[in-house]
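target_29.cif follows (mmCIF, C-alpha atoms):
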```
data_run
loop_
_atom_site.label_atom_id
_atom_site.label_comp_id
_atom_site.auth_asym_id
_atom_site.auth_seq_id
_atom_site.Cartn_x
_atom_site.Cartn_y
_atom_site.Cartn_z
CA MET A 1176 16.29 22.50 -25.51
CA GLN A 1177 14.78 25.91 -25.02
CA VAL A 1178 11.46 26.22 -23.21
CA PRO A 1179 8.84 27.83 -25.46
CA VAL A 1180 6.96 30.80 -23.97
CA LEU A 1181 3.57 31.55 -25.49
CA LYS A 1182 1.55 34.70 -25.06
CA GLN A 1183 -2.17 34.33 -24.37
CA GLY A 1184 -3.95 37.62 -23.77
CA SER A 1185 -2.30 39.27 -20.82
CA TYR A 1186 -0.78 36.01 -19.66
CA LEU A 1187 2.35 34.11 -20.59
CA ILE A 1188 2.45 30.33 -20.76
CA ALA A 1189 5.71 28.42 -20.49
CA THR A 1190 5.49 24.69 -21.13
CA VAL A 1191 8.53 22.92 -19.75
CA GLN A 1192 9.53 19.93 -21.90
CA PRO A 1193 10.77 16.65 -20.47
CA ALA A 1194 14.53 16.41 -20.07
CA VAL A 1195 15.37 20.06 -19.53
CA SER A 1196 18.81 20.90 -18.27
CA ASP A 1197 19.77 23.37 -15.56
CA GLU A 1198 20.82 25.84 -18.25
CA ASP A 1199 17.40 25.58 -19.83
CA PHE A 1200 15.84 26.58 -16.51
CA LEU A 1201 18.12 29.58 -16.22
CA GLN A 1202 17.33 30.44 -19.82
CA LEU A 1203 13.62 30.17 -19.01
CA ARG A 1204 14.06 32.55 -16.11
CA LYS A 1205 15.73 35.10 -18.32
CA SER A 1206 13.27 34.86 -21.18
CA LEU A 1207 10.22 34.98 -18.87
CA LEU A 1208 11.51 38.11 -17.16
CA ASP A 1209 12.15 39.73 -20.52
CA ARG A 1210 8.77 38.75 -21.90
CA VAL A 1211 6.84 39.91 -18.83
CA ARG A 1212 8.45 43.28 -19.15
CA LYS A 1213 8.03 43.52 -22.91
CA SER A 1214 4.44 42.37 -23.16
CA ARG A 1215 3.35 43.88 -19.83
CA SER A 1216 1.86 40.57 -18.74
CA LYS A 1217 -0.20 40.25 -15.61
CA GLY A 1218 0.29 36.56 -15.02
CA VAL A 1219 2.58 33.66 -15.89
CA VAL A 1220 1.72 29.96 -16.02
CA VAL A 1221 4.62 27.51 -15.83
CA ASP A 1222 3.38 24.09 -16.94
CA VAL A 1223 5.48 21.15 -15.70
CA THR A 1224 3.06 18.35 -16.64
CA ALA A 1225 5.67 16.62 -18.77
CA ILE A 1226 8.30 16.61 -16.05
CA ASP A 1227 8.72 13.43 -14.03
CA VAL A 1228 11.68 14.60 -11.96
CA LEU A 1229 12.04 18.02 -10.37
CA ASP A 1230 15.35 18.29 -8.54
CA SER A 1231 16.19 20.86 -5.89
CA PHE A 1232 17.83 23.13 -8.42
CA ALA A 1233 14.71 23.17 -10.57
CA CYS A 1234 12.52 23.83 -7.52
CA ARG A 1235 14.69 26.66 -6.36
CA THR A 1236 14.74 28.19 -9.82
CA LEU A 1237 10.95 27.97 -10.01
CA SER A 1238 10.69 29.78 -6.67
CA GLU A 1239 13.12 32.41 -7.86
CA ILE A 1240 11.20 32.90 -11.10
CA ALA A 1241 7.96 33.39 -9.16
CA ASN A 1242 9.49 35.90 -6.79
CA MET A 1243 11.30 37.84 -9.52
CA ILE A 1244 8.17 38.04 -11.63
CA LEU A 1245 6.24 39.23 -8.59
CA LEU A 1246 8.68 42.12 -8.32
CA GLN A 1247 7.76 43.00 -11.90
CA GLY A 1248 4.13 43.16 -10.95
CA ALA A 1249 2.85 39.84 -12.29
CA VAL A 1250 1.71 36.63 -10.63
CA THR A 1251 3.16 33.19 -11.32
CA VAL A 1252 1.36 29.88 -10.97
CA VAL A 1253 3.04 26.50 -11.39
CA VAL A 1254 0.68 23.88 -12.84
CA GLY A 1255 0.67 20.17 -13.63
CA ILE A 1256 2.98 18.81 -10.94
CA GLN A 1257 2.62 15.00 -11.04
CA PRO A 1258 1.58 13.25 -7.81
CA GLU A 1259 4.85 11.31 -7.52
CA VAL A 1260 6.85 14.45 -8.23
CA ALA A 1261 4.88 16.36 -5.60
CA PHE A 1262 5.61 13.79 -2.94
CA SER A 1263 9.30 13.49 -3.69
CA MET A 1264 9.57 17.27 -3.68
CA VAL A 1265 8.02 17.39 -0.22
CA GLN A 1266 10.39 14.71 1.00
CA LEU A 1267 13.33 16.67 -0.35
CA GLY A 1268 12.01 19.69 1.52
CA SER A 1269 11.42 21.84 -1.56
CA THR A 1270 7.77 22.79 -1.26
CA LEU A 1271 7.75 25.91 -3.45
CA ASP A 1272 6.74 28.03 -0.48
CA GLY A 1273 4.94 31.19 -1.50
CA VAL A 1274 4.43 30.01 -5.06
CA ALA A 1275 0.87 29.45 -6.25
CA THR A 1276 0.14 26.00 -7.68
CA ALA A 1277 -2.76 24.55 -9.62
CA LEU A 1278 -3.79 21.21 -11.05
CA ASP A 1279 -3.43 21.97 -14.76
CA LEU A 1280 -3.31 24.76 -17.31
CA GLU A 1281 -7.03 25.41 -17.14
CA GLU A 1282 -6.97 25.72 -13.35
CA GLY A 1283 -3.90 27.91 -13.52
CA LEU A 1284 -5.57 30.34 -15.90
CA ALA A 1285 -8.69 30.34 -13.72
CA TYR A 1286 -6.51 31.15 -10.72
CA LEU A 1287 -4.91 34.08 -12.54
CA ASP A 1288 -8.34 35.42 -13.56
CA GLU A 1289 -9.57 35.16 -9.99
CA HIS A 1290 -6.47 36.90 -8.74
CA ARG A 1291 -6.98 39.77 -11.16
CA HIS A 1292 -10.60 40.20 -10.19
CA ALA A 1293 -9.62 40.27 -6.57
CA GLN A 1294 -7.15 43.04 -7.28
CA GLN A 1295 -9.57 45.21 -9.19
CA MET B 226 13.88 -52.08 -5.56
CA LEU B 227 14.08 -51.78 -1.81
CA LEU B 228 11.71 -48.87 -1.97
CA GLN B 229 9.20 -51.03 -3.83
CA GLU B 230 9.38 -53.65 -1.13
CA LEU B 231 8.92 -50.94 1.42
CA VAL B 232 5.89 -49.54 -0.39
CA ALA B 233 4.36 -53.01 -0.59
CA HIS B 234 4.79 -53.36 3.14
CA LEU B 235 3.17 -50.00 3.82
CA ARG B 236 0.25 -50.82 1.52
CA GLU B 237 -0.30 -54.15 3.20
CA ASN B 238 -0.46 -52.65 6.68
CA ARG B 239 -2.36 -49.60 5.60
CA THR B 240 -5.29 -49.82 8.01
CA GLN B 241 -3.30 -50.66 11.06
CA LEU B 242 -0.55 -48.08 10.50
CA ARG B 243 -3.07 -45.42 9.70
CA GLN B 244 -4.92 -46.04 12.94
CA GLU B 245 -1.69 -46.06 14.87
CA TRP B 246 -0.85 -42.72 13.35
CA ALA B 247 -4.24 -41.22 14.17
CA ARG B 248 -3.82 -42.46 17.73
CA ARG B 249 -0.41 -40.83 18.01
CA ILE B 250 -1.83 -37.57 16.65
CA ALA B 251 -4.55 -37.58 19.30
CA GLU B 252 -2.00 -38.48 21.96
CA ALA B 253 0.24 -35.57 21.01
CA ARG B 254 -2.81 -33.27 21.13
CA LEU B 255 -2.32 -32.11 17.56
CA LEU B 256 -5.10 -30.95 15.23
CA THR B 257 -7.33 -30.18 18.21
CA ALA B 258 -9.38 -27.89 16.00
CA MET B 259 -10.66 -30.91 14.08
CA SER B 260 -12.95 -33.75 15.18
CA GLN B 261 -11.73 -37.35 15.59
CA GLU B 262 -13.47 -38.47 12.38
CA GLU B 263 -12.05 -35.63 10.40
CA VAL B 264 -8.56 -36.39 11.62
CA LEU B 265 -8.95 -40.03 10.62
CA ALA B 266 -10.30 -39.09 7.18
CA GLU B 267 -7.45 -36.65 6.56
CA ALA B 268 -4.98 -39.15 7.95
CA THR B 269 -6.17 -41.71 5.42
CA SER B 270 -5.71 -39.49 2.43
CA VAL B 271 -2.41 -38.10 3.68
CA TYR B 272 -1.22 -41.66 4.23
CA ASP B 273 -2.19 -42.74 0.71
CA ASN B 274 -0.57 -39.69 -0.85
CA TYR B 275 2.50 -40.26 1.26
CA VAL B 276 2.88 -43.86 0.12
CA GLU B 277 2.15 -42.81 -3.44
CA ALA B 278 4.95 -40.26 -3.34
CA LEU B 279 7.30 -42.89 -1.94
CA ALA B 280 6.33 -45.36 -4.67
CA THR B 281 6.50 -43.04 -7.67
CA ASP B 282 9.16 -40.60 -6.50
CA ASN B 283 6.81 -37.94 -7.88
CA TYR B 284 6.38 -35.05 -5.49
CA GLU B 285 4.24 -32.82 -7.63
CA ALA B 286 1.02 -34.65 -6.85
CA LEU B 287 1.91 -34.56 -3.17
CA GLN B 288 2.66 -30.87 -3.40
CA ALA B 289 -0.70 -30.18 -4.99
CA TYR B 290 -2.38 -32.29 -2.34
CA ALA B 291 -0.54 -30.42 0.43
CA ARG B 292 -1.68 -27.13 -1.01
CA ASN B 293 -5.22 -28.36 -1.24
CA LEU B 294 -5.12 -29.73 2.30
CA SER B 295 -3.69 -26.46 3.61
CA GLU B 296 -6.44 -24.53 1.90
CA ARG B 297 -8.98 -26.60 3.77
CA ILE B 298 -7.40 -26.61 7.20
CA ILE B 299 -5.98 -23.09 7.41
CA PRO B 300 -9.41 -21.51 7.98
CA ARG B 301 -9.90 -24.03 10.80
CA GLY B 302 -7.00 -22.49 12.67
CA VAL B 303 -4.46 -25.26 12.23
CA GLU B 304 -0.97 -24.10 13.15
CA THR B 305 2.30 -24.71 11.36
CA HIS B 306 3.76 -26.75 14.21
CA GLU B 307 0.78 -29.11 14.05
CA VAL B 308 1.25 -29.83 10.36
CA VAL B 309 4.98 -30.39 10.77
CA GLY B 310 4.21 -32.45 13.85
CA ILE B 311 1.81 -34.86 12.16
CA VAL B 312 4.08 -35.42 9.17
CA LEU B 313 7.00 -36.18 11.47
CA LEU B 314 4.76 -38.50 13.50
CA LEU B 315 3.84 -40.41 10.37
CA ARG B 316 7.50 -40.74 9.51
CA ASP B 317 8.17 -42.14 12.98
CA VAL B 318 5.23 -44.54 12.87
CA LEU B 319 6.33 -45.95 9.54
CA ALA B 320 9.98 -46.16 10.56
CA ARG B 321 9.00 -48.07 13.66
CA SER B 322 6.94 -50.55 11.69
CA LEU B 323 9.85 -51.08 9.35
CA PHE B 324 12.06 -51.65 12.32
CA ALA B 325 9.64 -54.21 13.73
CA LYS B 326 9.52 -56.04 10.44
CA TYR B 327 13.23 -56.21 9.66
CA GLN B 328 14.69 -56.34 13.13
CA VAL B 329 15.99 -59.86 12.58
CA ASP B 330 18.03 -58.81 9.57
CA PHE B 331 20.01 -55.81 10.71
CA SER B 332 21.90 -55.09 7.47
CA LYS B 333 18.70 -55.23 5.46
CA LEU B 334 17.03 -52.89 7.93
CA ASN B 335 19.89 -50.49 7.40
CA ARG B 336 19.51 -50.59 3.65
CA ILE B 337 15.74 -50.16 3.88
CA LEU B 338 16.16 -47.17 6.16
CA ASP B 339 18.77 -45.74 3.79
CA ALA B 340 16.16 -45.80 1.06
CA TYR B 341 13.32 -44.65 3.28
CA GLU B 342 14.81 -41.77 5.23
CA PRO B 343 15.75 -39.37 2.41
CA ALA B 344 12.41 -39.93 0.72
CA ALA B 345 10.51 -39.47 3.98
CA ASN B 346 12.41 -36.31 4.82
CA ARG B 347 11.74 -34.94 1.42
CA ILE B 348 8.05 -35.63 1.83
CA ALA B 349 7.97 -33.93 5.24
CA ASN B 350 9.73 -30.97 3.71
CA THR B 351 7.32 -30.77 0.79
CA VAL B 352 4.24 -30.85 2.97
CA ALA B 353 5.54 -28.32 5.49
CA VAL B 354 6.74 -25.91 2.82
CA GLY B 355 3.45 -26.28 0.98
CA PHE B 356 1.54 -25.43 4.13
CA VAL B 357 3.64 -22.40 4.96
CA GLN B 358 3.48 -21.10 1.41
CA GLN B 359 -0.25 -21.46 1.34
CA ARG B 360 -0.52 -19.68 4.66
CA GLU B 361 1.66 -16.84 3.53
CA ARG B 362 -0.44 -16.51 0.42
CA VAL B 363 -3.60 -16.26 2.51
CA ILE B 364 -2.01 -13.65 4.77
CA ARG B 365 -0.81 -11.66 1.79
CA GLU B 366 -4.24 -11.70 0.21
CA GLN B 367 -5.86 -10.57 3.43
CA GLN B 368 -3.36 -7.77 3.92
CA GLU B 369 -4.03 -6.65 0.39
CA ALA B 370 -7.76 -6.73 1.00
CA ILE B 371 -7.47 -4.72 4.20
CA ARG B 372 -5.26 -2.21 2.48
CA GLU B 373 -7.69 -1.83 -0.40
CA LEU B 374 -10.62 -1.42 1.92
CA SER B 375 -9.03 0.89 4.37
CA THR B 376 -8.36 3.98 2.28
CA PRO B 377 -11.32 5.06 0.21
CA VAL B 378 -11.08 8.45 -1.45
CA LEU B 379 -14.63 9.68 -1.88
CA GLN B 380 -15.99 12.51 -3.92
CA VAL B 381 -18.93 14.22 -2.17
CA ARG B 382 -19.32 17.22 -4.41
CA GLU B 383 -17.78 18.46 -7.59
CA ARG B 384 -14.11 19.10 -6.73
CA LEU B 385 -14.49 18.07 -3.09
CA LEU B 386 -13.00 14.82 -1.81
CA ILE B 387 -13.30 13.16 1.56
CA LEU B 388 -10.67 10.81 2.92
CA PRO B 389 -11.84 9.13 6.11
CA ILE B 390 -9.02 7.40 7.94
CA ILE B 391 -9.87 4.64 10.38
CA GLY B 392 -7.58 2.55 12.53
CA VAL B 393 -3.86 2.43 12.96
CA ILE B 394 -1.63 4.26 10.52
CA ASP B 395 1.77 2.66 10.04
CA PRO B 396 4.40 4.19 7.76
CA GLN B 397 3.54 1.83 4.91
CA ARG B 398 -0.14 2.61 5.07
CA ALA B 399 0.57 6.30 5.39
CA ARG B 400 2.61 6.20 2.20
CA GLN B 401 -0.08 4.30 0.37
CA LEU B 402 -2.69 6.70 1.64
CA THR B 403 -0.76 9.66 0.31
CA GLU B 404 -0.31 8.02 -3.06
CA GLN B 405 -4.00 7.28 -3.35
CA LEU B 406 -4.97 10.75 -2.26
CA LEU B 407 -2.63 12.47 -4.72
CA ARG B 408 -3.87 10.26 -7.53
CA GLY B 409 -7.46 10.92 -6.46
CA ILE B 410 -6.88 14.66 -6.52
CA ARG B 411 -5.65 14.38 -10.09
CA THR B 412 -8.35 12.12 -11.44
CA ASN B 413 -11.24 13.93 -9.72
CA ARG B 414 -9.72 17.37 -10.30
CA ALA B 415 -10.26 18.12 -6.64
CA LYS B 416 -9.75 21.54 -5.19
CA VAL B 417 -10.47 20.82 -1.56
CA VAL B 418 -9.90 17.60 0.39
CA VAL B 419 -11.27 16.90 3.84
CA ILE B 420 -9.18 14.34 5.73
CA ASP B 421 -11.18 13.01 8.65
CA ILE B 422 -9.15 11.29 11.35
CA THR B 423 -11.92 10.76 13.89
CA GLY B 424 -11.24 7.03 13.67
CA VAL B 425 -7.54 7.30 14.42
CA ALA B 426 -6.84 6.50 18.04
CA ALA B 427 -3.22 7.55 18.29
CA MET B 428 -0.61 9.27 16.23
CA ASP B 429 3.14 9.47 16.62
CA SER B 430 5.47 12.13 15.32
CA LYS B 431 6.40 10.10 12.25
CA VAL B 432 2.83 9.77 11.08
CA ALA B 433 2.07 13.38 11.98
CA ASN B 434 5.00 14.55 9.90
CA HIS B 435 3.80 12.37 7.08
CA LEU B 436 0.40 14.04 7.33
CA VAL B 437 2.07 17.44 7.09
CA GLN B 438 3.97 16.25 4.02
CA THR B 439 0.77 15.03 2.45
CA VAL B 440 -0.81 18.41 2.99
CA GLU B 441 2.15 20.11 1.31
CA ALA B 442 2.21 17.68 -1.60
CA SER B 443 -1.50 18.24 -2.15
CA ARG B 444 -0.93 21.95 -2.24
CA LEU B 445 1.60 21.43 -5.03
CA LEU B 446 -1.20 19.80 -7.00
CA GLY B 447 -3.35 22.84 -6.35
CA ALA B 448 -5.65 21.33 -3.73
CA SER B 449 -6.10 22.57 -0.18
CA ILE B 450 -6.58 20.18 2.68
CA ILE B 451 -8.78 20.46 5.74
CA VAL B 452 -8.06 18.06 8.58
CA THR B 453 -10.99 17.24 10.83
CA GLY B 454 -11.71 15.13 13.88
CA LEU B 455 -8.45 15.51 15.77
CA SER B 456 -9.21 13.96 19.13
CA PRO B 457 -8.15 15.80 22.28
CA GLU B 458 -5.55 13.11 22.93
CA ILE B 459 -3.99 13.50 19.50
CA ALA B 460 -4.09 17.27 19.78
CA GLN B 461 -2.23 17.02 23.08
CA THR B 462 0.42 14.65 21.76
CA LEU B 463 0.99 16.68 18.62
CA VAL B 464 1.51 19.89 20.54
CA THR B 465 3.68 18.16 23.15
CA ILE B 466 5.99 16.54 20.63
CA GLY B 467 6.16 19.78 18.72
CA VAL B 468 4.95 18.82 15.25
CA ASP B 469 4.73 21.88 13.05
CA LEU B 470 1.06 22.11 12.22
CA GLY B 471 1.20 25.72 11.12
CA LYS B 472 0.52 24.81 7.52
CA MET B 473 -2.44 22.67 8.37
CA HIS B 474 -6.00 23.86 8.21
CA THR B 475 -7.98 22.08 10.92
CA VAL B 476 -11.66 22.06 11.78
CA GLY B 477 -13.30 20.36 14.75
CA ASP B 478 -15.48 17.72 13.14
CA LEU B 479 -16.34 16.32 9.74
CA GLN B 480 -19.48 18.41 9.43
CA GLY B 481 -17.57 21.58 10.11
CA GLY B 482 -14.91 20.47 7.65
CA ILE B 483 -17.41 19.91 4.86
CA GLU B 484 -19.10 23.24 5.57
CA GLU B 485 -15.75 24.98 5.42
CA ALA B 486 -14.89 23.19 2.18
CA GLU B 487 -18.22 24.22 0.67
CA ARG B 488 -17.50 27.78 1.62
CA LEU B 489 -14.09 27.59 -0.08
CA LEU B 490 -15.66 26.15 -3.21
CA GLY B 491 -18.46 28.70 -3.23
CA TYR B 492 -21.30 26.32 -2.48
CA LYS B 493 -24.21 27.36 -0.33
CA VAL B 494 -26.44 24.68 1.13
CA THR B 495 -29.88 25.84 2.22
CA PRO B 496 -32.89 23.82 3.35
CA MET B 497 -35.59 23.47 0.67
CA ILE B 498 -38.34 24.62 3.03
CA GLU B 499 -37.79 27.17 5.72
CA GLN B 500 -37.98 25.39 9.02
CA THR B 501 -40.47 26.88 11.41
#
```
Step by step, read the file and then write its structure as structure tokens.
Amino acid sequence: MQVPVLKQGSYLIATVQPAVSDEDFLQLRKSLLDRVRKSRSKGVVVDVTAIDVLDSFACRTLSEIANMILLQGAVTVVVGIQPEVAFSMVQLGSTLDGVATALDLEEGLAYLDEHRHAQQ
Amino acid sequence: MLLQELVAHLRENRTQLRQEWARRIAEARLLTAMSQEEVLAEATSVYDNYVEALATDNYEALQAYARNLSERIIPRGVETHEVVGIVLLLRDVLARSLFAKYQVDFSKLNRILDAYEPAANRIANTVAVGFVQQRERVIREQQEAIRELSTPVLQVRERLLILPIIGVIDPQRARQLTEQLLRGIRTNRAKVVVIDITGVAAMDSKVANHLVQTVEASRLLGASIIVTGLSPEIAQTLVTIGVDLGKMHTVGDLQGGIEEAERLLGYKVTPMIEQT
């Protein structure tokens, strides 16, 4: 199942559905990179609220997405990681180093706004 | 049939056997936590229940009684070996009285004992198991209570949580602490958490690593953590055993931690009247 990417002002919002496959993540990476370029977005929110398992592949792909988007001049924030997911990620050693995180969509958007103000 | 005869005998000699039993209990220095009168009173009811179980072959009433008895005597500090000891003593006292009664007729004595022993053993088993189960239940409840009490996650300001940790942290408690904290961050929508470990006397590498993991997991939820109150001893051990604390934000004491958290959240606390 493809991950829908919505445009909201100068930000993009990708809501990851439960039961996404590895291909879907790669697909998400590709479509986000395309969309950031096309719509000249300044920030991307990846919402993983619905996900109850994030394996190492998914974590690595999320890190990659964040770093690639950074190279295109936009900021990525991952939001909605569940407490259990967070702890198992830490135990697996995938801590999304260098990727911004926030509690939920609202917080993520607030973070992006703050970030933009700081830059201006 | 034989058992009925046996029960009749035990009922007849109730007073005398009961006193003999109480005497043996005192002699063996069991139930020292209870007074002489209390022991005799308990002995009486245990005796009656014992004979009742023998007569009716119904162990449920005895089981309920054992549970009830345990509930009463556990807070008094009665030990498992004492309970097992008194039940075994009663078995011996009764067996001896049977022996005295039927010693002239050896084959009958044998048959009586054949009927008595399995029932008596089963009774001893029931009482002892009842006691231990009750005790385990009490211990479980207390552990639960301590666990509940020991890890409060408190909100002191909008989006600011405090987690004071007191006492020994074992791996199980550490895990539970993390779970509660992560859940607290979500429900209170916290942005900053101050973990105060002033009350923690010692910390080993396992717990320290767990703390680091908790900090990282909290970050994934979008909250930053400030650790306060690291004692000089803990600071020394942590540095000596080489725990990577690079990702941890530490402040000397709880006050400093809260001030720092307020700064992060954009609060400014000023006195209402300028102090002169």
Hey, what comes out of the PyMOL selection byres ((chain A) within 6 of (chain B)) on this file? Could you write it as a PyMOL selection string? chain A and resi 1256+1258+1261-1262+1265+1276-1278
Which neighbours of range 490-498 of chain B fall inside 10 Å, counting only C-alpha atoms, when residues of the same chain fewer than 2 positions from it are skipped, and could you give them as a compact mmCIF listing (two decimals) with C-alpha atoms, in the coordinates of the input?
```txt
# COMPACT_ATOMS: atom_id res chain seq x y z
CA ARG B 382 -19.32 17.22 -4.41
CA GLU B 383 -17.78 18.46 -7.59
CA ARG B 384 -14.11 19.10 -6.73
CA LEU B 385 -14.49 18.07 -3.09
CA LYS B 416 -9.75 21.54 -5.19
CA VAL B 417 -10.47 20.82 -1.56
CA GLU B 484 -19.10 23.24 5.57
CA GLU B 485 -15.75 24.98 5.42
CA ALA B 486 -14.89 23.19 2.18
CA GLU B 487 -18.22 24.22 0.67
CA ARG B 488 -17.50 27.78 1.62
CA GLN B 500 -37.98 25.39 9.02
CA THR B 501 -40.47 26.88 11.41
```
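The residues that lie within 7 Å of the point (2.1, 28.5, -13.1), counting only C-alpha atoms, are Val1219, Val1220, Val1221, Asp1222, Thr1251, Val1252, Val1253, Val1254, Thr1276 and Gly1283 of chain A.
Residue nearest Gln1266 in chain A, chosen from A:Ile1244, A:Ala1293, A:Leu1229, A:Ala1194 and counting only C-alpha atoms: A:Leu1229.
Taking CA of Ala247 in chain B as the reference point, CA of Val264 in chain B is found at 7.0 Å.
Residues in contact with Arg1204 in chain A at up to 12 Å, not including ones fewer than 5 positions away on its chain and judged by all atoms listed in the file, are Gln1177, Val1178, Pro1179, Val1180, Ala1189, Val1191, Asp1197, Glu1198, Asp1199, Asp1209, Arg1210, Val1211, Val1219, Val1221, Ala1233, Arg1235, Thr1236, Leu1237, Ser1238, Glu1239, Ile1240, Ala1241, Asn1242, Met1243, Ile1244 and Thr1251 of chain A.
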**OP:** Can you give me, as a PyMOL selection string, the residues this file yields under the PyMOL selection byres ((chain B and resi 358-366) around 10)?
**Re:** chain B and resi 291-296+299-300+304-305+352-357+367-372
In Å and to one decimal, CA of Gly392 in chain B is distant from CA of Leu455 in chain B by 13.4 Å
Give me the result of the PyMOL selection byres ((chain B and resi 331-344) around 9) on this file, residue by residue, as an NGL selection string.
-> :B and (227-228 or 230-231 or 278-279 or 282 or 316 or 320 or 323-324 or 326-330 or 345-349)
One residue among B:Val464, B:Leu489, B:Ile451, B:Arg301 is nearest to Val476 in chain B when using only C-alpha atoms, and that residue is B:Ile451
One decimal place gives the CA of Gln1247 in chain A-CA of Arg1291 in chain A separation as 15.1 Å
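Minimum atom-to-atom distances from B:Glu263, B:Glu458, B:Glu252, B:Glu277 to Leu235 in chain B were compared using all atoms listed in the file, and the lowest value belongs to B:Glu277.
Counting all atoms listed in the file, the residue from B:Ala286, B:Leu386, B:Val381, B:Val393 that sits nearest to Thr351 in chain B is B:Ala286.
Nearest to Glu245 in chain B of all the residues B:Leu315, B:Val419, B:Ile450, B:Ala233 is B:Leu315, counting all atoms listed in the file.
The shortest atom-to-atom distance to Gln1192 in chain A, with only C-alpha atoms taken into account, belongs to A:Val1228 out of A:Val1228, A:Leu1287, A:Leu1267, A:Val1260.
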- Spatial neighbours of Val303 in chain B, 9 Å, all atoms listed in the file, chain gap at least 6 places, as a ChimeraX atom specification: /B:255-259,295
Restricting the output to C-alpha atoms, write the selected residues as a PDB file, in the coordinates of the input.
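Everything below was put into out21.pdb:
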```
ATOM      1  CA  LEU B 255      -2.320 -32.110  17.560  1.00  0.00           C
ATOM      2  CA  LEU B 256      -5.100 -30.950  15.230  1.00  0.00           C
ATOM      3  CA  THR B 257      -7.330 -30.180  18.210  1.00  0.00           C
ATOM      4  CA  ALA B 258      -9.380 -27.890  16.000  1.00  0.00           C
ATOM      5  CA  MET B 259     -10.660 -30.910  14.080  1.00  0.00           C
ATOM      6  CA  SER B 295      -3.690 -26.460   3.610  1.00  0.00           C
TER       7      SER B 295
END
```
How would range 353-368 of chain B read, as a PDB file, in the coordinates of the input, once N, CA and C atoms are built in?
```pdb
ATOM      1  N   ALA B 353       5.409 -29.486   4.616  1.00  0.00           N
ATOM      2  CA  ALA B 353       5.540 -28.320   5.490  1.00  0.00           C
ATOM      3  C   ALA B 353       5.687 -27.052   4.677  1.00  0.00           C
ATOM      4  N   VAL B 354       6.527 -27.107   3.641  1.00  0.00           N
ATOM      5  CA  VAL B 354       6.740 -25.910   2.820  1.00  0.00           C
ATOM      6  C   VAL B 354       5.442 -25.527   2.118  1.00  0.00           C
ATOM      7  N   GLY B 355       4.725 -26.554   1.641  1.00  0.00           N
ATOM      8  CA  GLY B 355       3.450 -26.280   0.980  1.00  0.00           C
ATOM      9  C   GLY B 355       2.487 -25.567   1.908  1.00  0.00           C
ATOM     10  N   PHE B 356       2.441 -26.041   3.151  1.00  0.00           N
ATOM     11  CA  PHE B 356       1.540 -25.430   4.130  1.00  0.00           C
ATOM     12  C   PHE B 356       1.921 -23.974   4.388  1.00  0.00           C
ATOM     13  N   VAL B 357       3.200 -23.758   4.636  1.00  0.00           N
ATOM     14  CA  VAL B 357       3.640 -22.400   4.960  1.00  0.00           C
ATOM     15  C   VAL B 357       3.405 -21.456   3.793  1.00  0.00           C
ATOM     16  N   GLN B 358       3.694 -21.963   2.574  1.00  0.00           N
ATOM     17  CA  GLN B 358       3.480 -21.100   1.410  1.00  0.00           C
ATOM     18  C   GLN B 358       2.018 -20.719   1.273  1.00  0.00           C
ATOM     19  N   GLN B 359       1.179 -21.702   1.466  1.00  0.00           N
ATOM     20  CA  GLN B 359      -0.250 -21.460   1.340  1.00  0.00           C
ATOM     21  C   GLN B 359      -0.698 -20.408   2.356  1.00  0.00           C
ATOM     22  N   ARG B 360      -0.161 -20.589   3.583  1.00  0.00           N
ATOM     23  CA  ARG B 360      -0.520 -19.680   4.660  1.00  0.00           C
ATOM     24  C   ARG B 360      -0.058 -18.262   4.357  1.00  0.00           C
ATOM     25  N   GLU B 361       1.145 -18.165   3.856  1.00  0.00           N
ATOM     26  CA  GLU B 361       1.660 -16.840   3.530  1.00  0.00           C
ATOM     27  C   GLU B 361       0.823 -16.195   2.436  1.00  0.00           C
ATOM     28  N   ARG B 362       0.378 -17.048   1.499  1.00  0.00           N
ATOM     29  CA  ARG B 362      -0.440 -16.510   0.420  1.00  0.00           C
ATOM     30  C   ARG B 362      -1.743 -15.946   0.980  1.00  0.00           C
ATOM     31  N   VAL B 363      -2.350 -16.711   1.899  1.00  0.00           N
ATOM     32  CA  VAL B 363      -3.600 -16.260   2.510  1.00  0.00           C
ATOM     33  C   VAL B 363      -3.384 -14.932   3.241  1.00  0.00           C
ATOM     34  N   ILE B 364      -2.278 -14.876   4.007  1.00  0.00           N
ATOM     35  CA  ILE B 364      -2.010 -13.650   4.770  1.00  0.00           C
ATOM     36  C   ILE B 364      -1.801 -12.473   3.820  1.00  0.00           C
ATOM     37  N   ARG B 365      -1.046 -12.730   2.755  1.00  0.00           N
ATOM     38  CA  ARG B 365      -0.810 -11.660   1.790  1.00  0.00           C
ATOM     39  C   ARG B 365      -2.106 -11.153   1.197  1.00  0.00           C
ATOM     40  N   GLU B 366      -2.962 -12.096   0.823  1.00  0.00           N
ATOM     41  CA  GLU B 366      -4.240 -11.700   0.210  1.00  0.00           C
ATOM     42  C   GLU B 366      -5.064 -10.874   1.182  1.00  0.00           C
ATOM     43  N   GLN B 367      -5.065 -11.300   2.436  1.00  0.00           N
ATOM     44  CA  GLN B 367      -5.860 -10.570   3.430  1.00  0.00           C
ATOM     45  C   GLN B 367      -5.314  -9.175   3.648  1.00  0.00           C
ATOM     46  N   GLN B 368      -3.973  -9.088   3.732  1.00  0.00           N
ATOM     47  CA  GLN B 368      -3.360  -7.770   3.920  1.00  0.00           C
ATOM     48  C   GLN B 368      -3.751  -6.848   2.780  1.00  0.00           C
TER      49      GLN B 368
END
```
